[in-house]
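**Q** What follows is start-v5.cif; its format and atoms are mmCIF, C-alpha atoms.
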```
data_query
#
loop_
_atom_site.label_atom_id
_atom_site.label_comp_id
_atom_site.auth_asym_id
_atom_site.auth_seq_id
_atom_site.Cartn_x
_atom_site.Cartn_y
_atom_site.Cartn_z
CA MET U 1165 -22.34 7.75 -10.96
CA SER U 1166 -23.25 11.26 -9.91
CA GLU U 1167 -20.07 13.07 -10.88
CA SER U 1168 -21.67 16.49 -10.72
CA THR U 1169 -21.57 16.60 -6.90
CA PRO U 1170 -18.10 17.72 -5.77
CA GLN U 1171 -18.01 15.39 -2.72
CA ARG U 1172 -18.22 12.27 -4.84
CA PRO U 1173 -14.62 11.99 -6.15
CA TYR U 1174 -13.28 13.17 -2.76
CA THR U 1175 -14.74 10.25 -0.81
CA ARG U 1176 -13.13 7.83 -3.24
CA ILE U 1177 -9.76 9.65 -3.22
CA VAL U 1178 -9.69 9.87 0.58
CA ARG U 1179 -10.55 6.19 0.90
CA ARG U 1180 -7.77 5.25 -1.47
CA GLU U 1181 -5.26 7.49 0.33
CA THR U 1182 -6.05 6.08 3.78
CA HIS U 1183 -5.91 2.42 2.75
CA SER U 1184 -3.09 0.32 1.39
CA PRO U 1185 -3.27 -0.67 -2.30
CA ARG U 1186 -1.55 -4.00 -1.47
CA SER U 1187 0.71 -3.30 -4.45
CA THR U 1188 3.98 -4.42 -2.85
CA LEU U 1189 2.61 -7.80 -1.86
CA ALA U 1190 0.90 -8.33 -5.23
CA VAL U 1191 4.06 -7.41 -7.16
CA ILE U 1192 6.22 -9.71 -5.00
CA LEU U 1193 3.83 -12.61 -5.62
CA ALA U 1194 3.67 -11.86 -9.34
CA VAL U 1195 7.48 -11.89 -9.53
CA LEU U 1196 7.62 -15.23 -7.66
CA VAL U 1197 5.06 -16.79 -10.03
CA ILE U 1198 7.05 -15.44 -13.01
CA VAL U 1199 10.26 -16.99 -11.61
CA VAL U 1200 8.52 -20.37 -11.20
CA ALA U 1201 7.08 -20.18 -14.73
CA ALA U 1202 10.49 -19.25 -16.18
CA TRP U 1203 12.07 -22.18 -14.36
CA LEU U 1204 9.45 -24.60 -15.74
CA ILE U 1205 9.97 -23.23 -19.27
CA THR U 1206 13.74 -23.68 -18.92
CA GLU U 1207 13.37 -27.25 -17.70
CA ILE U 1208 11.02 -28.13 -20.58
CA VAL U 1209 13.34 -26.57 -23.19
CA LEU U 1210 16.41 -28.32 -21.71
CA ASN U 1211 14.49 -31.60 -21.76
CA LEU U 1212 13.43 -31.09 -25.39
CA LEU U 1213 17.03 -30.35 -26.42
CA GLY U 1214 18.25 -33.38 -24.52
CA HIS U 1215 20.39 -31.36 -22.09
CA PRO U 1216 20.72 -32.20 -18.39
CA PRO U 1217 18.10 -30.43 -16.18
CA LEU U 1218 18.80 -27.46 -13.87
CA LEU U 1219 17.07 -29.00 -10.84
CA SER U 1220 14.76 -31.71 -12.07
CA ALA U 1221 13.43 -32.86 -15.46
CA PRO U 1222 9.64 -32.92 -16.09
CA ALA U 1223 9.58 -36.75 -15.79
CA GLN U 1224 11.37 -36.59 -12.41
CA LEU U 1225 8.89 -33.93 -11.23
CA ALA U 1226 5.97 -36.18 -12.14
CA ALA U 1227 7.57 -39.14 -10.37
CA GLY U 1228 8.14 -36.95 -7.30
CA VAL U 1229 4.46 -35.91 -7.18
CA THR U 1230 3.40 -39.56 -7.47
CA ALA U 1231 5.73 -40.54 -4.65
CA LEU U 1232 4.59 -37.73 -2.30
CA PRO U 1233 2.94 -40.09 0.25
CA THR U 1234 6.20 -42.04 0.68
CA PHE U 1235 8.21 -39.05 1.93
CA ALA U 1236 9.04 -38.69 5.64
CA THR U 1237 5.91 -37.73 7.61
CA ASP U 1238 7.64 -35.00 9.67
CA LEU U 1239 8.99 -33.30 6.57
CA MET U 1240 5.61 -33.46 4.83
CA ILE U 1241 3.73 -32.07 7.82
CA GLY U 1242 6.30 -29.31 8.25
CA VAL U 1243 6.31 -28.23 4.60
CA GLY U 1244 2.52 -28.60 4.32
CA SER U 1245 1.77 -26.49 7.38
CA VAL U 1246 4.16 -23.75 6.27
CA LEU U 1247 2.50 -23.63 2.84
CA ALA U 1248 -1.01 -23.64 4.32
CA LEU U 1249 -0.10 -20.93 6.86
CA ALA U 1250 1.39 -18.74 4.13
CA GLY U 1251 -1.80 -19.27 2.13
CA ILE U 1252 -4.00 -18.26 5.05
CA ILE U 1253 -1.90 -15.13 5.73
CA LEU U 1254 -2.15 -14.11 2.07
CA MET U 1255 -5.91 -14.67 2.05
CA ILE U 1256 -6.27 -12.53 5.18
CA ALA U 1257 -4.17 -9.81 3.54
CA ALA U 1258 -6.42 -10.02 0.47
CA VAL U 1259 -9.66 -9.36 2.35
CA THR U 1260 -8.67 -7.03 5.23
CA ALA U 1261 -8.87 -3.28 4.79
CA GLY U 1262 -5.15 -2.49 5.16
CA ARG U 1263 -5.60 0.81 6.96
CA ARG U 1264 -2.73 3.28 6.82
CA ALA U 1265 -1.73 5.39 9.84
CA ARG U 1266 -3.58 8.42 8.50
CA HIS U 1267 -6.70 10.45 9.19
CA SER U 1268 -8.72 12.60 6.88
CA LEU U 1269 -9.93 16.02 7.87
CA VAL U 1270 -12.60 18.30 6.55
CA GLY U 1271 -11.02 20.96 4.36
CA GLU U 1272 -12.91 23.99 3.17
CA ARG U 1273 -11.59 23.74 -0.39
CA SER U 1274 -9.87 20.35 -0.72
CA ALA U 1275 -9.75 16.80 0.58
CA VAL U 1276 -7.07 16.48 3.27
CA VAL U 1277 -5.19 13.42 4.51
CA VAL U 1278 -2.89 13.77 7.54
CA ASP U 1279 -0.31 11.32 8.87
CA ASN U 1280 -0.93 10.32 12.47
CA ALA U 1281 2.62 11.48 13.28
CA VAL U 1282 1.70 15.05 12.33
CA ILE U 1283 -1.39 15.00 14.56
CA ALA U 1284 0.68 13.59 17.42
CA SER U 1285 3.36 16.22 16.96
CA ALA U 1286 0.85 19.10 16.95
CA LEU U 1287 -0.93 17.71 20.03
CA ALA U 1288 2.41 17.35 21.84
CA ARG U 1289 3.27 20.98 21.18
CA HIS U 1290 -0.08 22.26 22.45
CA ALA U 1291 -0.09 19.95 25.46
CA ALA U 1292 3.41 21.07 26.40
CA ARG U 1293 2.50 24.73 26.07
CA ALA U 1294 -0.73 24.35 28.08
CA GLY U 1295 1.04 22.45 30.84
CA ALA U 1296 4.16 24.66 30.76
CA ILE U 1297 6.44 21.67 30.32
CA ASP U 1298 9.21 20.80 27.90
CA PRO U 1299 7.90 19.42 24.55
CA ASP U 1300 10.45 16.60 24.88
CA SER U 1301 8.70 15.47 28.09
CA THR U 1302 5.46 14.80 26.25
CA ARG U 1303 4.84 11.66 24.28
CA VAL U 1304 1.78 11.41 22.08
CA THR U 1305 0.55 8.23 20.41
CA VAL U 1306 -2.20 8.54 17.82
CA GLY U 1307 -4.15 5.44 16.93
CA HIS U 1308 -7.23 5.04 14.79
CA ARG U 1309 -9.69 6.32 17.40
CA ARG U 1310 -7.57 7.36 20.37
CA ALA U 1311 -4.88 9.95 21.05
CA THR U 1312 -2.83 9.18 24.16
CA VAL U 1313 -0.81 12.01 25.68
CA GLU U 1314 1.83 10.85 28.16
CA ILE U 1315 3.52 13.46 30.29
CA THR U 1316 6.66 13.02 32.36
CA PRO U 1317 6.59 15.98 34.77
CA THR U 1318 9.61 17.74 36.18
CA SER U 1319 10.13 16.46 39.72
CA GLY U 1320 8.53 18.71 42.31
CA VAL U 1321 6.55 20.79 39.80
CA PRO U 1322 2.82 20.02 39.71
CA VAL U 1323 1.21 19.47 36.32
CA ASP U 1324 -2.04 21.21 35.38
CA THR U 1325 -3.81 18.15 33.92
CA ALA U 1326 -7.09 19.99 33.38
CA ALA U 1327 -5.43 22.69 31.28
CA ILE U 1328 -3.62 20.08 29.19
CA GLU U 1329 -6.82 18.11 28.69
CA ALA U 1330 -8.70 21.24 27.64
CA ALA U 1331 -5.93 22.23 25.19
CA VAL U 1332 -5.80 18.76 23.63
CA SER U 1333 -9.60 18.58 23.30
CA THR U 1334 -9.76 22.03 21.73
CA GLN U 1335 -7.07 21.10 19.23
CA LEU U 1336 -8.76 17.83 18.31
CA ASP U 1337 -12.07 19.62 17.82
CA SER U 1338 -10.45 22.24 15.62
CA PHE U 1339 -8.82 19.58 13.42
CA GLY U 1340 -12.19 17.99 12.59
CA LEU U 1341 -10.62 14.58 11.99
CA ARG U 1342 -12.41 11.57 10.60
CA PRO U 1343 -12.64 9.22 12.44
CA VAL U 1344 -12.81 11.30 15.60
CA LEU U 1345 -9.98 10.87 18.11
CA ALA U 1346 -10.77 10.49 21.80
CA PRO U 1347 -8.08 12.11 23.97
CA ARG U 1348 -6.50 10.39 26.99
CA ILE U 1349 -4.02 12.14 29.28
CA ILE U 1350 -1.55 10.15 31.37
CA VAL U 1351 0.72 11.92 33.83
CA HIS U 1352 3.55 9.65 34.96
CA SER U 1353 3.89 9.37 38.73
CA HIS U 1354 7.70 9.46 38.48
CA GLY U 1355 9.07 12.77 37.27
CA LYS U 1356 12.34 13.72 35.67
CA VAL U 1357 14.86 15.56 37.77
CA GLY U 1358 15.95 18.96 36.48
CA ALA U 1359 14.13 18.76 33.15
CA MET P 1211 -4.53 8.98 -6.34
CA ASN P 1212 -3.04 6.72 -8.98
CA ASN P 1213 -5.30 4.35 -10.84
CA THR P 1214 -3.78 1.08 -9.63
CA ASN P 1215 -6.41 -1.64 -9.92
CA ARG P 1216 -6.65 -2.56 -6.26
CA GLY P 1217 -9.30 -5.22 -6.83
CA LEU P 1218 -6.91 -7.00 -9.19
CA ASN P 1219 -4.09 -6.80 -6.61
CA ARG P 1220 -6.31 -8.40 -4.01
CA THR P 1221 -7.57 -11.01 -6.47
CA LEU P 1222 -4.01 -12.09 -7.29
CA ILE P 1223 -3.10 -12.30 -3.59
CA MET P 1224 -6.30 -14.29 -2.94
CA VAL P 1225 -5.64 -16.76 -5.76
CA VAL P 1226 -2.00 -17.36 -4.76
CA GLY P 1227 -3.07 -17.71 -1.11
CA LEU P 1228 -5.78 -20.21 -2.03
CA VAL P 1229 -3.35 -22.29 -4.14
CA LEU P 1230 -0.80 -22.35 -1.30
CA LEU P 1231 -3.45 -23.30 1.25
CA VAL P 1232 -4.81 -26.15 -0.90
CA ALA P 1233 -1.30 -27.40 -1.70
CA GLY P 1234 -0.27 -27.28 1.96
CA ALA P 1235 -3.42 -29.04 3.14
CA LEU P 1236 -2.93 -31.68 0.44
CA VAL P 1237 0.69 -32.33 1.47
CA VAL P 1238 -0.31 -32.70 5.14
CA ALA P 1239 -3.29 -34.92 4.29
CA LEU P 1240 -1.15 -37.19 2.08
CA SER P 1241 1.16 -38.10 4.93
CA VAL P 1242 -1.36 -38.08 7.79
CA VAL P 1243 -4.16 -40.10 6.14
CA PRO P 1244 -2.60 -43.35 4.75
CA ALA P 1245 -5.72 -44.36 2.77
CA PHE P 1246 -5.73 -41.00 0.99
CA GLY P 1247 -1.99 -41.40 0.29
CA ARG P 1248 -2.52 -44.81 -1.35
CA ARG P 1249 -5.37 -43.51 -3.51
CA TRP P 1250 -3.20 -40.52 -4.49
CA SER P 1251 -0.35 -42.83 -5.59
CA ASP P 1252 -2.72 -45.01 -7.65
CA ILE P 1253 -4.38 -42.09 -9.39
CA ALA P 1254 -1.11 -40.21 -9.96
CA GLN P 1255 0.46 -43.34 -11.47
CA GLN P 1256 -2.50 -43.74 -13.81
CA VAL P 1257 -2.48 -40.07 -14.80
CA SER P 1258 1.26 -40.05 -15.52
CA SER P 1259 1.02 -43.20 -17.67
CA ASN P 1260 -1.90 -41.66 -19.57
CA VAL P 1261 0.07 -38.45 -20.09
CA SER P 1262 3.11 -40.42 -21.29
CA GLY P 1263 0.86 -42.18 -23.79
CA VAL P 1264 -0.55 -38.91 -25.06
CA LEU P 1265 2.97 -37.46 -25.35
CA VAL P 1266 4.06 -40.41 -27.47
CA ASP P 1267 0.96 -40.06 -29.65
CA THR P 1268 1.65 -36.40 -30.41
CA PRO P 1269 5.12 -36.39 -31.97
CA LEU P 1270 6.79 -33.19 -33.10
CA GLY P 1271 8.25 -34.10 -36.51
CA THR P 1272 11.07 -36.58 -36.05
CA THR P 1273 12.54 -35.04 -32.89
CA GLY P 1274 11.16 -37.79 -30.67
CA SER P 1275 9.40 -35.20 -28.45
CA SER P 1276 5.77 -34.15 -28.28
CA TRP P 1277 4.40 -30.92 -29.68
CA LEU P 1278 2.29 -30.65 -26.51
CA TRP P 1279 5.43 -29.35 -24.78
CA ILE P 1280 5.36 -26.37 -27.14
CA GLY P 1281 1.76 -25.77 -26.02
CA VAL P 1282 2.80 -25.92 -22.36
CA ILE P 1283 5.64 -23.46 -22.99
CA ALA P 1284 3.23 -21.13 -24.80
CA LEU P 1285 0.79 -21.29 -21.88
CA LEU P 1286 3.55 -20.49 -19.36
CA LEU P 1287 4.75 -17.61 -21.57
CA ILE P 1288 1.21 -16.19 -21.70
CA ILE P 1289 0.94 -16.35 -17.89
CA THR P 1290 4.34 -14.62 -17.59
CA ALA P 1291 3.34 -11.91 -20.08
CA LEU P 1292 0.07 -11.25 -18.22
CA LEU P 1293 1.89 -10.96 -14.90
CA VAL P 1294 4.51 -8.60 -16.37
CA ALA P 1295 1.67 -6.45 -17.74
CA PHE P 1296 0.08 -6.56 -14.27
CA ILE P 1297 3.29 -5.31 -12.63
CA VAL P 1298 3.85 -2.56 -15.21
CA ARG P 1299 0.22 -1.44 -14.81
CA GLN P 1300 0.73 -0.48 -11.11
CA GLY P 1301 0.55 3.15 -10.06
CA ARG P 1302 -0.25 5.06 -13.23
CA GLY P 1303 -2.59 7.96 -13.67
CA HIS P 1304 -0.47 11.12 -13.97
CA THR P 1305 -1.64 13.67 -16.47
CA ARG P 1306 0.12 16.61 -18.10
CA ARG P 1307 -3.10 18.45 -18.90
CA LEU P 1308 -4.84 20.52 -16.26
CA LEU P 1309 -7.66 22.04 -18.27
CA SER P 1310 -8.85 22.05 -21.84
CA GLN P 1311 -11.69 24.34 -22.82
CA PRO P 1312 -14.00 23.43 -25.69
CA PRO P 1313 -12.78 25.22 -28.84
CA THR P 1314 -14.35 28.57 -29.69
CA ASP P 1315 -14.19 30.62 -32.89
CA ASN P 1316 -10.83 31.97 -31.77
CA GLY P 1317 -9.29 28.55 -31.13
CA SER P 1318 -8.98 26.39 -28.07
CA THR P 1319 -7.22 26.87 -24.74
CA VAL P 1320 -5.21 24.15 -23.02
CA VAL P 1321 -3.59 24.63 -19.63
CA ASP P 1322 -0.72 22.30 -18.75
CA SER P 1323 -0.46 20.70 -15.31
CA ALA P 1324 3.00 22.21 -14.95
CA VAL P 1325 1.38 25.67 -14.58
CA ALA P 1326 -0.56 24.70 -11.45
CA GLU P 1327 2.24 22.52 -10.09
CA GLN P 1328 4.89 25.21 -10.35
CA LEU P 1329 2.62 28.00 -9.11
CA VAL P 1330 1.61 26.09 -5.99
CA THR P 1331 5.13 24.79 -5.31
CA GLN P 1332 6.55 28.30 -5.69
CA SER P 1333 3.95 29.83 -3.39
CA LEU P 1334 4.74 27.28 -0.68
CA ALA P 1335 8.53 27.33 -1.10
CA ASP P 1336 9.26 30.13 1.38
CA ARG P 1337 6.91 28.96 4.15
CA PRO P 1338 8.92 28.20 7.29
CA GLU P 1339 6.44 25.61 8.63
CA LEU P 1340 6.90 23.36 5.59
CA VAL P 1341 10.03 21.34 5.00
CA SER P 1342 9.11 20.44 1.43
CA SER P 1343 6.17 20.31 -0.92
CA HIS P 1344 5.49 18.36 -4.06
CA VAL P 1345 2.58 18.92 -6.41
CA SER P 1346 1.45 16.43 -9.03
CA THR P 1347 -1.64 16.06 -11.21
CA TYR P 1348 -3.68 12.91 -11.63
CA ARG P 1349 -6.53 12.10 -13.95
CA ILE P 1350 -9.39 10.64 -11.93
CA ARG P 1351 -12.60 9.68 -13.71
CA GLY P 1352 -11.99 12.12 -16.51
CA ALA P 1353 -11.15 15.08 -14.27
CA SER P 1354 -7.73 16.49 -13.35
CA VAL P 1355 -7.04 16.42 -9.61
CA LEU P 1356 -4.09 18.13 -7.94
CA LYS P 1357 -2.19 16.30 -5.23
CA ILE P 1358 -0.26 18.57 -2.90
CA ALA P 1359 2.05 16.50 -0.70
CA VAL P 1360 3.74 18.54 2.03
CA THR P 1361 6.13 17.61 4.81
CA CYS P 1362 5.74 19.93 7.74
CA ARG P 1363 7.96 20.67 10.71
CA ARG P 1364 7.52 19.43 14.23
CA GLY P 1365 4.42 20.64 16.03
CA VAL P 1366 2.76 22.39 13.09
CA SER P 1367 -1.02 22.14 13.28
CA PRO P 1368 -2.57 20.34 10.29
CA THR P 1369 -5.45 22.83 10.20
CA ASP P 1370 -3.00 25.71 9.79
CA VAL P 1371 -1.29 23.92 6.91
CA THR P 1372 -4.66 23.13 5.33
CA ALA P 1373 -5.78 26.75 5.64
CA LEU P 1374 -2.51 27.96 4.11
CA ILE P 1375 -2.72 25.62 1.12
CA ASP P 1376 -6.46 26.24 0.63
CA ASP P 1377 -5.64 29.93 0.48
CA ARG P 1378 -3.03 29.34 -2.24
CA LEU P 1379 -5.49 27.11 -4.11
CA HIS P 1380 -8.11 29.87 -4.11
CA ALA P 1381 -5.50 32.14 -5.69
CA LEU P 1382 -4.86 29.45 -8.29
CA ASP P 1383 -8.61 29.13 -8.94
CA ALA P 1384 -8.82 32.86 -9.60
CA LEU P 1385 -5.80 32.66 -11.92
CA VAL P 1386 -6.90 29.77 -14.13
CA GLY P 1387 -10.60 30.57 -13.85
CA ALA P 1388 -11.73 27.13 -12.70
CA GLU P 1389 -11.82 25.27 -9.43
CA ILE P 1390 -9.62 22.21 -9.74
CA PRO P 1391 -10.27 19.48 -7.16
CA ALA P 1392 -7.29 18.97 -4.86
CA LEU P 1393 -6.01 16.52 -2.29
CA ILE P 1394 -3.64 17.74 0.41
CA GLN P 1395 -1.43 15.10 1.99
CA ILE P 1396 0.33 16.22 5.16
CA SER P 1397 3.20 14.13 6.46
CA GLY P 1398 6.35 14.46 8.55
CA GLY P 1399 6.24 16.56 11.67
CA PHE P 1400 8.09 14.37 14.09
CA ARG P 1401 11.79 14.53 13.40
CA ALA P 1402 11.71 17.79 11.49
CA ARG P 1403 12.45 20.51 14.04
CA THR P 1404 12.35 24.20 13.17
CA THR P 1405 15.96 24.82 14.10
CA LYS P 1406 18.59 23.20 16.22
CA ALA P 1407 18.23 23.83 19.93
CA THR P 1408 20.42 26.82 20.79
CA ARG P 1409 22.66 26.43 23.76
CA LEU P 1410 23.13 29.51 25.92
CA SER P 1411 26.24 29.49 28.03
#
```
For this file, produce the structure as structure tokens.

**A**
Amino acid sequence: MSESTPQRPYTRIVRRETHSPRSTLAVILAVLVIVVAAWLITEIVLNLLGHPPLLSAPAQLAAGVTALPTFATDLMIGVGSVLALAGIILMIAAVTAGRRARHSLVGERSAVVVDNAVIASALARHAARAGAIDPDSTRVTVGHRRATVEITPTSGVPVDTAAIEAAVSTQLDSFGLRPVLAPRIIVHSHGKVGA
Amino acid sequence: MNNTNRGLNRTLIMVVGLVLLVAGALVVALSVVPAFGRRWSDIAQQVSSNVSGVLVDTPLGTTGSSWLWIGVIALLLIITALLVAFIVRQGRGHTRRLLSQPPTDNGSTVVDSAVAEQLVTQSLADRPELVSSHVSTYRIRGASVLKIAVTCRRGVSPTDVTALIDDRLHALDALVGAEIPALIQISGGFRARTTKATRLS
């Protein structure tokens, strides 16, 4: 690896900060497997000591597995589909990227990772100032590639959409976000009275 | 920033998912396909009688049990130990050392992480646009990297915060005489207002 170039560790760090480590899920699964293993150990030890089992002795377990086809069909299909579905969901979680609601931006000195909420909040302030409306009348949603600015105007007061659009675009350009956000301005046709 | 092994996390999730999927499909197939169910019963019966035979042939002293059970317990204990190690291994990577210069004739110089952490935290403490800041140091591929996590108030521009922190980092660079890589993480901004709205009556 070329560690001499300063960009190299930053790309890795930024990637790790903008994607989920899947730690919570992995730890939950590990704990579940540990619980099952502990239960099996307990059953085996109880069986060896000749004590009654907690749920089912090893011999009963084996008999149950042998008798699987004789159980009620509805029950089997139900349990089987739930297990298979859980398995599929876990496998999807294992291979998908697990993106967090964050963007990276180009810093002059450091790597920077910003929550989408912060971007939305800054855009809302600038949109409200450019349109001369109350910040509480603006609602900004920031997705992975799109920033949607929704404006509820005060009834009877026209909204300068062009000015708001220009302000939002300027702000987005100045942030230098990766990936780039495309702005979209929506002015609601029904205004608020007296806001 | 931490050195959690993400590949291992995903591998564990994948393996558990695969086991559940196979088990679920098997359970459904057993009840839906009668021929498969009959074969399953035959084979399972045979396997369990074989296993019983083996268990009888491997006695543990005079207890009347098989020593194979001890082996099974040992195997389960090893799996448990590995999984516990896996859980404990999550999210490490902090370091207490920021810099260590190669020793010279006059001795060697070591700078603790606490120096950078406290300097940066202090320099950001009185900034009105930030609600809080937390600085920590991680060791990434042999190099110390600072992580500056800040929560900013509503409407603060992320570029302004970045410029502010970059400025403080340049001051730090000048102070310690080396440029330490840094990650700035900006969060908050929605519920954190500057002050309460003032009501004029």

**Q** Which residues, named as in the file, does the PyMOL selection byres ((chain U) within 6 of (chain P)) pick out? Answer as a ChimeraX atom specification.

**A** /U:1185,1190-1191,1194,1198,1201,1205,1230,1233,1237,1240-1241,1244-1245,1247-1248,1251,1254-1255,1258,1273-1279,1282,1285-1286,1289,1339

**Q** Excluding same-chain residues fewer than 5 positions from Ala1327 in chain U, what lies within 10 Å of it counting only C-alpha atoms, as a ChimeraX atom specification?

**A** /U:1291,1293-1296,1332-1333

**Q** Record the distance separating CA of Ile1349 in chain U and CA of Val1313 in chain U, expressed in Å with one decimal.

**A**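 Distance between the two atoms: 4.8 Å.
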
**Q** Please evaluate the PyMOL selection byres ((chain U and resi 1222) around 10) against the structure above and give the resulting residues as a PyMOL selection string.

**A** chain U and resi 1204+1207-1208+1210-1211+1217+1219-1221+1223-1228

**Q** Which residues, named as in the file, does the PyMOL selection byres ((chain P and resi 1325) around 10) pick out? Answer as JSON, numbers by chain.

**A** {"P": [1306, 1307, 1308, 1321, 1322, 1323, 1324, 1326, 1327, 1328, 1329, 1330, 1382, 1386]}

**Q** What's the separation between CA of Ser1333 in chain P and CA of Val1345 in chain P, in Å to one decimal place?

**A** 11.4 Å
